[in-house]
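K.L.:
Contents of data12.tsv (TSV, C-alpha atoms (C1' of nucleotides)) are given next:
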```tsv
chain	number	residue	atom	x	y	z
I	6	MET	CA	35.61	-9.81	-14.77
I	7	CYS	CA	38.85	-10.80	-16.41
I	8	THR	CA	38.68	-11.32	-20.14
I	9	PHE	CA	42.32	-12.04	-20.58
I	10	ALA	CA	42.13	-15.76	-21.03
I	11	ILE	CA	39.31	-15.52	-23.52
I	12	GLU	CA	41.09	-12.88	-25.52
I	13	ASN	CA	44.14	-15.01	-25.57
I	14	HIS	CA	42.33	-18.05	-26.76
I	15	LYS	CA	41.02	-16.02	-29.63
I	16	THR	CA	44.26	-14.46	-30.66
I	17	MET	CA	46.87	-16.84	-29.43
I	18	ASN	CA	46.06	-20.09	-31.21
I	19	THR	CA	47.89	-22.64	-29.07
I	20	PRO	CA	49.56	-22.74	-25.64
I	21	GLU	CA	52.71	-23.90	-27.42
I	22	GLU	CA	52.84	-20.72	-29.44
I	23	TYR	CA	51.98	-18.51	-26.51
I	24	LEU	CA	54.73	-19.96	-24.36
I	25	THR	CA	57.26	-19.81	-27.18
I	26	GLN	CA	56.40	-16.18	-27.88
I	27	HIS	CA	57.27	-15.40	-24.28
I	28	GLY	CA	60.56	-17.25	-24.25
I	29	VAL	CA	59.36	-20.38	-22.48
I	30	LYS	CA	60.17	-23.66	-24.13
I	31	PRO	CA	56.85	-25.48	-24.35
I	32	THR	CA	57.50	-28.82	-22.71
I	33	SER	CA	54.69	-31.24	-22.00
I	34	VAL	CA	54.58	-30.34	-18.31
I	35	ARG	CA	54.50	-26.63	-19.01
I	36	ILE	CA	51.76	-26.97	-21.60
I	37	LEU	CA	49.62	-28.93	-19.18
I	38	VAL	CA	50.20	-26.42	-16.41
I	39	TRP	CA	49.50	-23.48	-18.68
I	40	LYS	CA	46.31	-25.03	-20.00
I	41	GLU	CA	45.21	-25.56	-16.45
I	42	ILE	CA	45.78	-21.99	-15.34
I	43	CYS	CA	45.28	-19.83	-18.44
I	44	HIS	CA	41.53	-19.66	-18.06
I	45	ARG	CA	41.57	-18.64	-14.41
I	46	ASN	CA	40.31	-15.25	-13.39
I	47	LYS	CA	41.16	-15.63	-9.75
I	48	ALA	CA	44.45	-15.93	-7.97
I	49	PHE	CA	45.53	-19.52	-7.38
I	50	THR	CA	48.09	-21.40	-5.34
I	51	LEU	CA	50.55	-24.14	-6.14
I	52	SER	CA	48.23	-26.53	-4.31
I	53	ASP	CA	45.31	-25.47	-6.47
I	54	VAL	CA	47.20	-26.51	-9.57
I	55	GLU	CA	48.43	-29.64	-7.85
I	56	ASN	CA	44.86	-30.66	-7.10
I	57	ALA	CA	43.83	-30.07	-10.67
I	58	LEU	CA	46.75	-32.03	-12.09
I	59	THR	CA	46.86	-34.96	-9.73
I	60	ASP	CA	49.37	-36.99	-11.73
I	61	MET	CA	51.92	-34.25	-11.88
I	62	ASP	CA	54.65	-33.75	-9.36
I	63	ARG	CA	54.50	-30.81	-7.01
I	64	SER	CA	57.99	-29.60	-7.76
I	65	SER	CA	57.43	-29.76	-11.49
I	66	ILE	CA	54.41	-27.53	-11.15
I	67	PHE	CA	56.34	-25.27	-8.84
I	68	ARG	CA	59.14	-24.92	-11.35
I	69	SER	CA	56.72	-24.22	-14.15
I	70	LEU	CA	55.01	-21.49	-12.16
I	71	ARG	CA	58.35	-19.99	-11.25
I	72	LEU	CA	59.41	-20.02	-14.87
I	73	PHE	CA	56.16	-18.45	-15.98
I	74	THR	CA	56.62	-15.76	-13.38
I	75	GLU	CA	60.18	-15.10	-14.51
I	76	HIS	CA	58.92	-14.70	-18.05
I	77	HIS	CA	56.13	-12.38	-16.95
I	78	LEU	CA	53.26	-14.68	-17.75
I	79	LEU	CA	52.22	-14.59	-14.11
I	80	HIS	CA	52.34	-12.26	-11.18
I	81	GLU	CA	53.16	-13.47	-7.75
I	82	ILE	CA	50.76	-11.93	-5.30
I	83	ASP	CA	50.61	-11.98	-1.59
I	84	ASP	CA	47.15	-11.59	-0.17
I	85	GLY	CA	48.12	-12.17	3.42
I	86	THR	CA	46.69	-15.66	3.69
I	87	GLY	CA	50.21	-17.00	4.05
I	88	MET	CA	50.18	-18.94	0.82
I	89	GLN	CA	51.89	-17.75	-2.31
I	90	LYS	CA	49.34	-16.95	-4.97
I	91	TYR	CA	49.67	-16.37	-8.66
I	92	CYS	CA	47.53	-14.55	-11.16
I	93	LEU	CA	47.72	-14.17	-14.90
I	94	CYS	CA	49.68	-11.19	-16.11
I	95	ARG	CA	47.84	-8.90	-18.45
I	96	CYS	CA	50.32	-6.09	-18.43
I	97	GLU	CA	51.12	-4.61	-21.78
I	98	ASP	CA	54.47	-3.03	-21.09
I	99	ASN	CA	55.85	-2.76	-17.58
I	100	HIS	CA	55.43	-5.83	-15.48
I	101	HIS	CA	53.75	-4.59	-12.34
I	102	VAL	CA	50.45	-5.61	-10.92
I	103	ASN	CA	48.36	-2.55	-11.55
I	104	HIS	CA	45.03	-3.79	-10.29
I	105	VAL	CA	43.53	-4.25	-6.89
I	106	HIS	CA	43.08	-7.68	-5.31
I	107	PHE	CA	40.23	-8.69	-3.11
I	108	THR	CA	40.49	-11.59	-0.69
I	109	CYS	CA	37.28	-12.96	0.75
I	110	THR	CA	37.63	-13.95	4.37
I	111	GLU	CA	34.69	-16.33	4.02
I	112	CYS	CA	35.56	-18.44	1.01
I	113	GLY	CA	39.26	-17.62	0.80
I	114	GLN	CA	39.11	-16.65	-2.87
I	115	THR	CA	41.34	-13.89	-4.09
I	116	TYR	CA	39.80	-11.93	-6.95
I	117	CYS	CA	41.71	-9.93	-9.51
I	118	LEU	CA	39.75	-6.70	-9.85
I	119	THR	CA	41.40	-5.97	-13.16
I	120	ASP	CA	39.25	-2.93	-13.83
I	121	TYR	CA	40.17	-1.33	-10.53
I	122	ALA	CA	43.50	0.43	-10.69
I	123	ILE	CA	45.72	0.86	-7.66
I	124	PRO	CA	45.73	4.49	-6.53
I	125	ILE	CA	49.21	5.89	-6.15
I	126	VAL	CA	50.58	7.31	-2.92
I	127	GLU	CA	53.30	9.90	-3.06
I	128	LEU	CA	56.27	8.72	-1.04
I	129	PRO	CA	58.56	10.64	1.30
I	130	GLU	CA	61.85	12.00	-0.02
I	131	GLY	CA	64.31	9.27	-0.93
I	132	PHE	CA	61.89	6.35	-1.12
I	133	ILE	CA	61.69	4.77	-4.57
I	134	SER	CA	58.67	2.70	-5.50
I	135	LYS	CA	59.08	-0.36	-7.68
I	136	ASN	CA	55.89	-2.21	-7.08
I	137	ILE	CA	52.68	-1.90	-5.12
I	138	GLU	CA	50.47	-4.48	-3.55
I	139	TYR	CA	46.92	-3.45	-2.77
I	140	VAL	CA	44.80	-6.17	-1.17
I	141	ILE	CA	41.34	-5.58	0.21
I	142	LYS	CA	39.99	-8.10	2.65
I	143	GLY	CA	36.30	-8.54	3.21
I	144	ILE	CA	33.28	-10.42	1.95
I	145	CYS	CA	32.90	-11.16	-1.74
I	146	HIS	CA	29.78	-10.70	-3.83
I	147	LYS	CA	28.89	-14.38	-3.51
I	148	CYS	CA	29.38	-14.73	0.22
I	149	SER	CA	27.63	-11.45	1.03
I	150	LYS	CA	24.31	-12.66	-0.39
P	6	MET	CA	58.13	9.11	11.58
P	7	CYS	CA	56.03	7.32	14.14
P	8	THR	CA	55.49	9.16	17.35
P	9	PHE	CA	53.19	6.61	18.88
P	10	ALA	CA	55.61	5.05	21.29
P	11	ILE	CA	56.79	8.37	22.61
P	12	GLU	CA	53.26	9.60	23.08
P	13	ASN	CA	52.47	6.47	24.93
P	14	HIS	CA	55.37	6.72	27.24
P	15	LYS	CA	54.21	10.18	28.11
P	16	THR	CA	50.63	9.32	28.75
P	17	MET	CA	50.70	5.68	29.64
P	18	ASN	CA	52.91	5.51	32.71
P	19	THR	CA	53.84	1.84	32.83
P	20	PRO	CA	53.61	-1.15	30.49
P	21	GLU	CA	51.68	-2.93	33.22
P	22	GLU	CA	48.97	-0.31	33.13
P	23	TYR	CA	48.92	-0.14	29.38
P	24	LEU	CA	48.46	-3.89	29.01
P	25	THR	CA	45.85	-4.01	31.72
P	26	GLN	CA	43.90	-1.19	30.13
P	27	HIS	CA	43.72	-3.26	26.97
P	28	GLY	CA	42.60	-6.46	28.63
P	29	VAL	CA	45.96	-8.20	28.71
P	30	LYS	CA	47.10	-9.57	32.00
P	31	PRO	CA	50.57	-8.17	32.49
P	32	THR	CA	52.73	-11.19	33.15
P	33	SER	CA	56.49	-10.92	33.31
P	34	VAL	CA	56.94	-12.33	29.83
P	35	ARG	CA	54.39	-9.99	28.33
P	36	ILE	CA	55.86	-6.96	30.01
P	37	LEU	CA	59.31	-7.81	28.70
P	38	VAL	CA	57.99	-8.36	25.20
P	39	TRP	CA	55.97	-5.17	25.26
P	40	LYS	CA	58.92	-3.13	26.51
P	41	GLU	CA	60.97	-4.54	23.71
P	42	ILE	CA	58.52	-3.67	20.96
P	43	CYS	CA	56.67	-0.59	22.16
P	44	HIS	CA	59.33	1.81	20.95
P	45	ARG	CA	59.61	0.37	17.46
P	46	ASN	CA	58.60	2.44	14.47
P	47	LYS	CA	59.18	-0.28	11.91
P	48	ALA	CA	57.45	-3.57	11.38
P	49	PHE	CA	59.16	-6.45	13.15
P	50	THR	CA	59.11	-10.23	13.09
P	51	LEU	CA	58.95	-12.87	15.77
P	52	SER	CA	62.63	-13.53	15.13
P	53	ASP	CA	63.45	-9.87	15.65
P	54	VAL	CA	61.97	-10.03	19.13
P	55	GLU	CA	63.59	-13.39	19.75
P	56	ASN	CA	67.00	-11.94	18.94
P	57	ALA	CA	66.39	-9.05	21.28
P	58	LEU	CA	65.21	-11.25	24.13
P	59	THR	CA	67.69	-14.10	23.88
P	60	ASP	CA	66.71	-15.75	27.13
P	61	MET	CA	63.05	-15.97	26.28
P	62	ASP	CA	61.47	-18.89	24.55
P	63	ARG	CA	60.27	-18.48	20.99
P	64	SER	CA	56.82	-19.83	21.65
P	65	SER	CA	56.31	-17.57	24.63
P	66	ILE	CA	57.11	-14.56	22.48
P	67	PHE	CA	54.86	-15.92	19.77
P	68	ARG	CA	51.99	-16.28	22.18
P	69	SER	CA	52.52	-12.80	23.54
P	70	LEU	CA	52.47	-11.29	20.07
P	71	ARG	CA	49.36	-13.23	19.21
P	72	LEU	CA	47.67	-12.06	22.37
P	73	PHE	CA	48.66	-8.47	21.73
P	74	THR	CA	47.25	-8.76	18.24
P	75	GLU	CA	44.01	-10.21	19.53
P	76	HIS	CA	43.72	-7.29	21.90
P	77	HIS	CA	44.47	-4.79	19.16
P	78	LEU	CA	47.79	-3.63	20.45
P	79	LEU	CA	49.42	-4.80	17.26
P	80	HIS	CA	48.58	-5.21	13.63
P	81	GLU	CA	49.71	-8.23	11.69
P	82	ILE	CA	51.05	-7.15	8.37
P	83	ASP	CA	52.17	-9.09	5.39
P	84	ASP	CA	54.73	-7.37	3.27
P	85	GLY	CA	55.33	-10.26	0.94
P	86	THR	CA	58.71	-11.24	2.37
P	87	GLY	CA	57.18	-14.45	3.63
P	88	MET	CA	57.64	-13.68	7.27
P	89	GLN	CA	54.83	-12.53	9.47
P	90	LYS	CA	55.41	-8.98	10.59
P	91	TYR	CA	53.83	-6.92	13.29
P	92	CYS	CA	53.51	-3.22	13.85
P	93	LEU	CA	52.17	-1.17	16.68
P	94	CYS	CA	48.53	-0.26	16.44
P	95	ARG	CA	47.80	3.39	16.67
P	96	CYS	CA	44.18	3.23	15.69
P	97	GLU	CA	41.82	5.26	17.78
P	98	ASP	CA	38.56	3.52	17.10
P	99	ASN	CA	38.29	0.90	14.40
P	100	HIS	CA	41.11	-1.55	14.30
P	101	HIS	CA	42.32	-1.36	10.71
P	102	VAL	CA	45.72	-0.50	9.42
P	103	ASN	CA	45.13	2.87	7.83
P	104	HIS	CA	48.64	3.69	6.76
P	105	VAL	CA	50.84	2.61	3.91
P	106	HIS	CA	53.74	0.22	4.39
P	107	PHE	CA	56.99	0.36	2.51
P	108	THR	CA	59.26	-2.66	2.21
P	109	CYS	CA	62.81	-2.08	1.04
P	110	THR	CA	64.02	-4.81	-1.27
P	111	GLU	CA	67.62	-4.00	-0.34
P	112	CYS	CA	67.65	-4.04	3.43
P	113	GLY	CA	64.37	-5.88	4.01
P	114	GLN	CA	63.02	-3.26	6.42
P	115	THR	CA	59.33	-2.58	6.42
P	116	TYR	CA	58.50	1.00	7.30
P	117	CYS	CA	55.22	2.19	8.71
P	118	LEU	CA	54.46	5.36	6.79
P	119	THR	CA	52.02	6.46	9.42
P	120	ASP	CA	51.46	9.85	7.86
P	121	TYR	CA	50.52	8.32	4.53
P	122	ALA	CA	46.94	7.18	4.44
P	123	ILE	CA	45.74	4.34	2.27
P	124	PRO	CA	43.66	5.69	-0.60
P	125	ILE	CA	40.30	3.98	-0.88
P	126	VAL	CA	39.10	2.13	-3.95
P	127	GLU	CA	35.41	1.81	-4.60
P	128	LEU	CA	34.48	-1.84	-4.92
P	129	PRO	CA	32.10	-3.56	-7.33
P	130	GLU	CA	28.54	-4.27	-6.25
P	131	GLY	CA	28.33	-6.85	-3.47
P	132	PHE	CA	31.93	-6.72	-2.28
P	133	ILE	CA	32.32	-5.55	1.30
P	134	SER	CA	35.65	-4.18	2.48
P	135	LYS	CA	36.84	-4.89	6.00
P	136	ASN	CA	40.50	-4.15	5.77
P	137	ILE	CA	43.08	-2.97	3.28
P	138	GLU	CA	46.72	-3.79	2.92
P	139	TYR	CA	48.84	-1.37	0.92
P	140	VAL	CA	52.49	-2.33	0.60
P	141	ILE	CA	54.93	-0.51	-1.63
P	142	LYS	CA	58.11	-2.31	-2.53
P	143	GLY	CA	61.18	-0.44	-3.57
P	144	ILE	CA	64.31	1.21	-2.22
P	145	CYS	CA	64.21	3.06	1.07
P	146	HIS	CA	65.69	6.45	1.81
P	147	LYS	CA	68.80	4.93	3.34
P	148	CYS	CA	69.54	2.39	0.64
P	149	SER	CA	68.85	4.81	-2.21
P	150	LYS	CA	71.72	7.09	-1.15
K	22	DA	C1'	71.13	-42.86	-37.08
K	23	DA	C1'	74.03	-43.08	-33.09
K	24	DA	C1'	76.52	-40.87	-29.60
K	25	DA	C1'	77.27	-37.09	-26.68
K	26	DG	C1'	75.64	-33.28	-24.30
K	27	DA	C1'	72.05	-30.38	-22.23
K	28	DA	C1'	67.62	-29.64	-20.24
K	29	DA	C1'	63.56	-31.17	-17.82
K	30	DT	C1'	61.26	-34.13	-14.68
K	31	DG	C1'	59.97	-36.99	-10.50
K	32	DC	C1'	61.06	-38.38	-6.14
K	33	DA	C1'	62.67	-37.75	-1.71
K	34	DA	C1'	64.52	-34.95	1.44
K	35	DC	C1'	65.37	-30.57	3.46
K	36	DT	C1'	64.44	-25.72	5.13
K	37	DC	C1'	62.43	-22.43	7.83
K	38	DA	C1'	58.97	-20.10	10.22
K	39	DA	C1'	54.67	-20.85	12.48
K	40	DT	C1'	52.25	-23.48	15.67
K	41	DT	C1'	50.90	-26.98	19.15
K	42	DG	C1'	51.05	-30.63	23.10
K	43	DC	C1'	52.35	-31.26	27.33
K	44	DA	C1'	54.60	-31.14	31.68
K	45	DA	C1'	56.59	-27.92	34.94
K	46	DA	C1'	56.32	-23.49	37.06
K	47	DA	C1'	53.92	-19.47	38.54
K	48	DA	C1'	49.93	-16.99	39.86
K	49	DG	C1'	45.33	-16.61	41.72
K	50	DC	C1'	42.12	-17.88	45.12
K	51	DA	C1'	39.38	-20.12	48.86
X	21	DT	C1'	48.28	-23.52	53.14
X	22	DG	C1'	46.37	-26.35	49.62
X	23	DC	C1'	43.81	-26.47	45.35
X	24	DT	C1'	42.82	-24.64	40.74
X	25	DT	C1'	43.86	-22.05	36.78
X	26	DT	C1'	47.00	-19.77	33.89
X	27	DT	C1'	51.38	-19.17	31.92
X	28	DT	C1'	55.72	-20.67	30.36
X	29	DG	C1'	59.59	-23.50	28.27
X	30	DC	C1'	60.81	-27.35	25.78
X	31	DA	C1'	60.32	-30.48	22.23
X	32	DA	C1'	57.96	-31.92	18.48
X	33	DT	C1'	54.89	-31.14	14.53
X	34	DT	C1'	53.01	-28.79	10.64
X	35	DG	C1'	52.94	-26.98	6.12
X	36	DA	C1'	54.35	-24.62	2.23
X	37	DG	C1'	58.27	-23.71	-0.40
X	38	DT	C1'	62.42	-25.26	-2.24
X	39	DT	C1'	66.47	-28.08	-3.58
X	40	DG	C1'	69.66	-32.27	-4.73
X	41	DC	C1'	70.09	-35.77	-7.50
X	42	DA	C1'	69.35	-39.62	-10.46
X	43	DT	C1'	66.54	-40.72	-14.39
X	44	DT	C1'	64.36	-39.53	-18.46
X	45	DT	C1'	63.61	-36.75	-22.41
X	46	DC	C1'	65.08	-33.57	-25.75
X	47	DT	C1'	68.68	-31.41	-28.72
X	48	DT	C1'	72.79	-31.23	-31.23
X	49	DT	C1'	76.71	-32.99	-33.45
X	50	DT	C1'	79.17	-36.16	-36.03
```
What does this structure look like when you write it as structure tokens?
P.N.:
Amino acid sequence: MCTFAIENHKTMNTPEEYLTQHGVKPTSVRILVWKEICHRNKAFTLSDVENALTDMDRSSIFRSLRLFTEHHLLHEIDDGTGMQKYCLCRCEDNHHVNHVHFTCTECGQTYCLTDYAIPIVELPEGFISKNIEYVIKGICHKCSK
Amino acid sequence: MCTFAIENHKTMNTPEEYLTQHGVKPTSVRILVWKEICHRNKAFTLSDVENALTDMDRSSIFRSLRLFTEHHLLHEIDDGTGMQKYCLCRCEDNHHVNHVHFTCTECGQTYCLTDYAIPIVELPEGFISKNIEYVIKGICHKCSK
DNA sequence: AAAAGAAATGCAACTCAATTGCAAAAAGCA
DNA sequence: TGCTTTTTGCAATTGAGTTGCATTTCTTTT
């Protein structure tokens, strides 16, 4: 569904280089965190990464994710489950999530439907749009079987 | 922008009756909470209601809002500010938010754009939609002046 | 290469809103 | 009225996010 990570692995050689190219100094913590998340095609939480990197401190992961977000490697998304989620940024120019998210109420997964663009709503006079969040809640293709 | 409350006051006589009609026993706390929120045309938080009803306990308000939500008098909405927000339900049949929300990054207000319907995205095979959240972030008509 | 300075990390503690346990109060009912 | 159930207020807990600070690691300068 999301070919971003694969593409990157083909073209981007190493995590070190990828981080450097985006203005993030590639420290050991950040490389480990990036390696852990760069292949993900679903939205993930801080706890998800924490569980995958059990030796690493929560706040270090938190700070890495924040830094990645600041440097537009990640999007912060809010799927209404109450936990902050992140997904890989695959924007080419402007840094806005332009795809729809789907949160399964059964398994809790939030999918990045990267091929499904967010339809635009025209706003009333005076309202200026900067960013749009479009989250569908329902049952995912696995849980609906 | 939202004429719901006014319509209700015309047709619905008293809060007591309105709550009863929707399966909520109209206790004194619930009536006070409902009176406080039923005229609102913007999304509000628990703290908003708490500040308006200074004598009432936080958890009592919380429980009232939860009960109202369970009985479809309110929608819970998540505008990404991290605080749970509520807005009046004006659905006629199915209980889904069908309008767009707008959260101003300046003043923090979340507007219910009740005249602006959420455009539907067709989902991939196997995904079943139950509910959609559409939140635009930007600058509102007041802050953009 | 050593010293000084800057940045990153780990740990513990804090924040802040949501939520719950429980006893007291109020409401419903026989 | 007396008994039972529901509701309410208070205090405490939860849980994720976040921060302060001392230690460690990295970078730069001499």
K.L.:
What is the distance, in Å and to one decimal place, between CA of Val29 in chain I and CA of His44 in chain I?
P.N.:
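If I compute the distance from CA of Val29 in chain I to CA of His44 in chain I, I get 18.4 Å.
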K.L.:
Near DT27 in chain X, counting only C-alpha atoms (C1' of nucleotides), which residues have an atom at most 12 Å away, once you skip same-chain residues fewer than 3 positions from it, shown as a list of chain:residue names?
P.N.:
P:Lys30, P:Pro31, P:Thr32, P:Ser33, P:Val34, P:Arg35, P:Ser64, P:Ser65, P:Ile66, P:Arg68, P:Ser69, K:DA45, K:DA46, K:DA47, K:DA48, K:DG49
K.L.:
Grab the CA of Ile125 in chain P to CA of Val102 in chain P distance for me, in Å with one decimal place.
P.N.:
12.5 Å
K.L.:
If you count all atoms listed in the file, which residues fall within 8 Å of Phe49 in chain P, apart from same-chain ones fewer than 3 positions away, as a PyMOL selection string?
P.N.:
chain P and resi 53-54+90-92+115
K.L.:
One decimal, Å: what's the distance from CA of Cys109 in chain I over to CA of Arg95 in chain I, could you say?
P.N.:
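Going from CA of Cys109 in chain I over to CA of Arg95 in chain I covers 22.3 Å.
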K.L.:
For range 27-40 of chain K, please output as a ChimeraX atom specification all residues within 12 Å (counting all atoms listed in the file; exclusion window: fewer than 2 positions along the same chain).
P.N.:
/I:30-35,60-69,87 /P:50-52,63-65,67-68,71,86-90 /K:25,42 /X:32-48
K.L.:
For chain I versus chain P, which residues have an atom no more than 12 Å away, and what is each residue's nearest atom pair and distance in Å rounded to one decimal, using only C-alpha atoms, chain-then-number order, as JSON lines?
P.N.:
```
{"residue": "I:Met6", "atom": "CA", "partner": "P:Pro129", "partner_atom": "CA", "distance": 10.3}
{"residue": "I:Glu81", "atom": "CA", "partner": "P:Gly85", "partner_atom": "CA", "distance": 9.5}
{"residue": "I:Ile82", "atom": "CA", "partner": "P:Gly85", "partner_atom": "CA", "distance": 7.9}
{"residue": "I:Asp83", "atom": "CA", "partner": "P:Gly85", "partner_atom": "CA", "distance": 5.6}
{"residue": "I:Asp84", "atom": "CA", "partner": "P:Asp83", "partner_atom": "CA", "distance": 7.9}
{"residue": "I:Gly85", "atom": "CA", "partner": "P:Asp83", "partner_atom": "CA", "distance": 5.5}
{"residue": "I:Thr86", "atom": "CA", "partner": "P:Asp83", "partner_atom": "CA", "distance": 8.7}
{"residue": "I:Gly87", "atom": "CA", "partner": "P:Gly87", "partner_atom": "CA", "distance": 7.4}
{"residue": "I:Met88", "atom": "CA", "partner": "P:Gly87", "partner_atom": "CA", "distance": 8.8}
{"residue": "I:Gln89", "atom": "CA", "partner": "P:Gly87", "partner_atom": "CA", "distance": 8.6}
{"residue": "I:Lys90", "atom": "CA", "partner": "P:Gly85", "partner_atom": "CA", "distance": 10.8}
{"residue": "I:His101", "atom": "CA", "partner": "P:Lys142", "partner_atom": "CA", "distance": 11.0}
{"residue": "I:Val102", "atom": "CA", "partner": "P:Ile141", "partner_atom": "CA", "distance": 11.5}
{"residue": "I:His104", "atom": "CA", "partner": "P:Val126", "partner_atom": "CA", "distance": 10.5}
{"residue": "I:Val105", "atom": "CA", "partner": "P:Val126", "partner_atom": "CA", "distance": 8.3}
{"residue": "I:His106", "atom": "CA", "partner": "P:Ile137", "partner_atom": "CA", "distance": 9.8}
{"residue": "I:Phe107", "atom": "CA", "partner": "P:Ser134", "partner_atom": "CA", "distance": 8.5}
{"residue": "I:Thr108", "atom": "CA", "partner": "P:Ser134", "partner_atom": "CA", "distance": 9.4}
{"residue": "I:Cys109", "atom": "CA", "partner": "P:Phe132", "partner_atom": "CA", "distance": 8.8}
{"residue": "I:Thr110", "atom": "CA", "partner": "P:Lys135", "partner_atom": "CA", "distance": 9.2}
{"residue": "I:Glu111", "atom": "CA", "partner": "P:Ile133", "partner_atom": "CA", "distance": 11.4}
{"residue": "I:Thr115", "atom": "CA", "partner": "P:Phe132", "partner_atom": "CA", "distance": 12.0}
{"residue": "I:Tyr116", "atom": "CA", "partner": "P:Phe132", "partner_atom": "CA", "distance": 10.5}
{"residue": "I:Cys117", "atom": "CA", "partner": "P:Pro129", "partner_atom": "CA", "distance": 11.7}
{"residue": "I:Leu118", "atom": "CA", "partner": "P:Pro129", "partner_atom": "CA", "distance": 8.6}
{"residue": "I:Thr119", "atom": "CA", "partner": "P:Pro129", "partner_atom": "CA", "distance": 11.2}
{"residue": "I:Asp120", "atom": "CA", "partner": "P:Pro129", "partner_atom": "CA", "distance": 9.7}
{"residue": "I:Tyr121", "atom": "CA", "partner": "P:Val126", "partner_atom": "CA", "distance": 7.5}
{"residue": "I:Ala122", "atom": "CA", "partner": "P:Val126", "partner_atom": "CA", "distance": 8.2}
{"residue": "I:Ile123", "atom": "CA", "partner": "P:Val126", "partner_atom": "CA", "distance": 7.7}
{"residue": "I:Pro124", "atom": "CA", "partner": "P:Pro124", "partner_atom": "CA", "distance": 6.4}
{"residue": "I:Ile125", "atom": "CA", "partner": "P:Pro124", "partner_atom": "CA", "distance": 7.9}
{"residue": "I:Val126", "atom": "CA", "partner": "P:Pro124", "partner_atom": "CA", "distance": 7.5}
{"residue": "I:Glu127", "atom": "CA", "partner": "P:Tyr121", "partner_atom": "CA", "distance": 8.2}
{"residue": "I:Leu128", "atom": "CA", "partner": "P:Tyr121", "partner_atom": "CA", "distance": 8.0}
{"residue": "I:Pro129", "atom": "CA", "partner": "P:His146", "partner_atom": "CA", "distance": 8.3}
{"residue": "I:Glu130", "atom": "CA", "partner": "P:His146", "partner_atom": "CA", "distance": 7.0}
{"residue": "I:Gly131", "atom": "CA", "partner": "P:His146", "partner_atom": "CA", "distance": 4.2}
{"residue": "I:Phe132", "atom": "CA", "partner": "P:Cys145", "partner_atom": "CA", "distance": 4.6}
{"residue": "I:Ile133", "atom": "CA", "partner": "P:Ile144", "partner_atom": "CA", "distance": 5.0}
{"residue": "I:Ser134", "atom": "CA", "partner": "P:Gly143", "partner_atom": "CA", "distance": 4.5}
{"residue": "I:Lys135", "atom": "CA", "partner": "P:Gly143", "partner_atom": "CA", "distance": 4.6}
{"residue": "I:Asn136", "atom": "CA", "partner": "P:Lys142", "partner_atom": "CA", "distance": 5.1}
{"residue": "I:Ile137", "atom": "CA", "partner": "P:Ile141", "partner_atom": "CA", "distance": 4.4}
{"residue": "I:Glu138", "atom": "CA", "partner": "P:Val140", "partner_atom": "CA", "distance": 5.1}
{"residue": "I:Tyr139", "atom": "CA", "partner": "P:Tyr139", "partner_atom": "CA", "distance": 4.7}
{"residue": "I:Val140", "atom": "CA", "partner": "P:Glu138", "partner_atom": "CA", "distance": 5.1}
{"residue": "I:Ile141", "atom": "CA", "partner": "P:Ile137", "partner_atom": "CA", "distance": 4.4}
{"residue": "I:Lys142", "atom": "CA", "partner": "P:Asn136", "partner_atom": "CA", "distance": 5.1}
{"residue": "I:Gly143", "atom": "CA", "partner": "P:Ser134", "partner_atom": "CA", "distance": 4.5}
{"residue": "I:Ile144", "atom": "CA", "partner": "P:Ile133", "partner_atom": "CA", "distance": 5.0}
{"residue": "I:Cys145", "atom": "CA", "partner": "P:Phe132", "partner_atom": "CA", "distance": 4.6}
{"residue": "I:His146", "atom": "CA", "partner": "P:Gly131", "partner_atom": "CA", "distance": 4.1}
{"residue": "I:Lys147", "atom": "CA", "partner": "P:Gly131", "partner_atom": "CA", "distance": 7.6}
{"residue": "I:Cys148", "atom": "CA", "partner": "P:Gly131", "partner_atom": "CA", "distance": 8.8}
{"residue": "I:Ser149", "atom": "CA", "partner": "P:Gly131", "partner_atom": "CA", "distance": 6.5}
{"residue": "I:Lys150", "atom": "CA", "partner": "P:Gly131", "partner_atom": "CA", "distance": 7.7}
```
K.L.:
Tell me which protein, DNA and RNA residues are within 8 Å of Glu41 in chain P, counting all atoms listed in the file, leaving out same-chain ones fewer than 2 positions away, and put them as a list of chain:residue names.
P.N.:
P:Leu37, P:Val38, P:Trp39, P:Cys43, P:His44, P:Val54, P:Ala57, P:Leu58
K.L.:
I'd like the box whose edges run along x, y and z of the file and which contains every listed atom of range 33-37 of chain X, padded by 8 Å per side; could you state its centre and edge lengths in Å, one decimal, as AutoDock Vina command-line options?
P.N.:
```
--center_x 55.6 --center_y -27.4 --center_z 7.1 --size_x 21.3 --size_y 23.4 --size_z 30.9
```
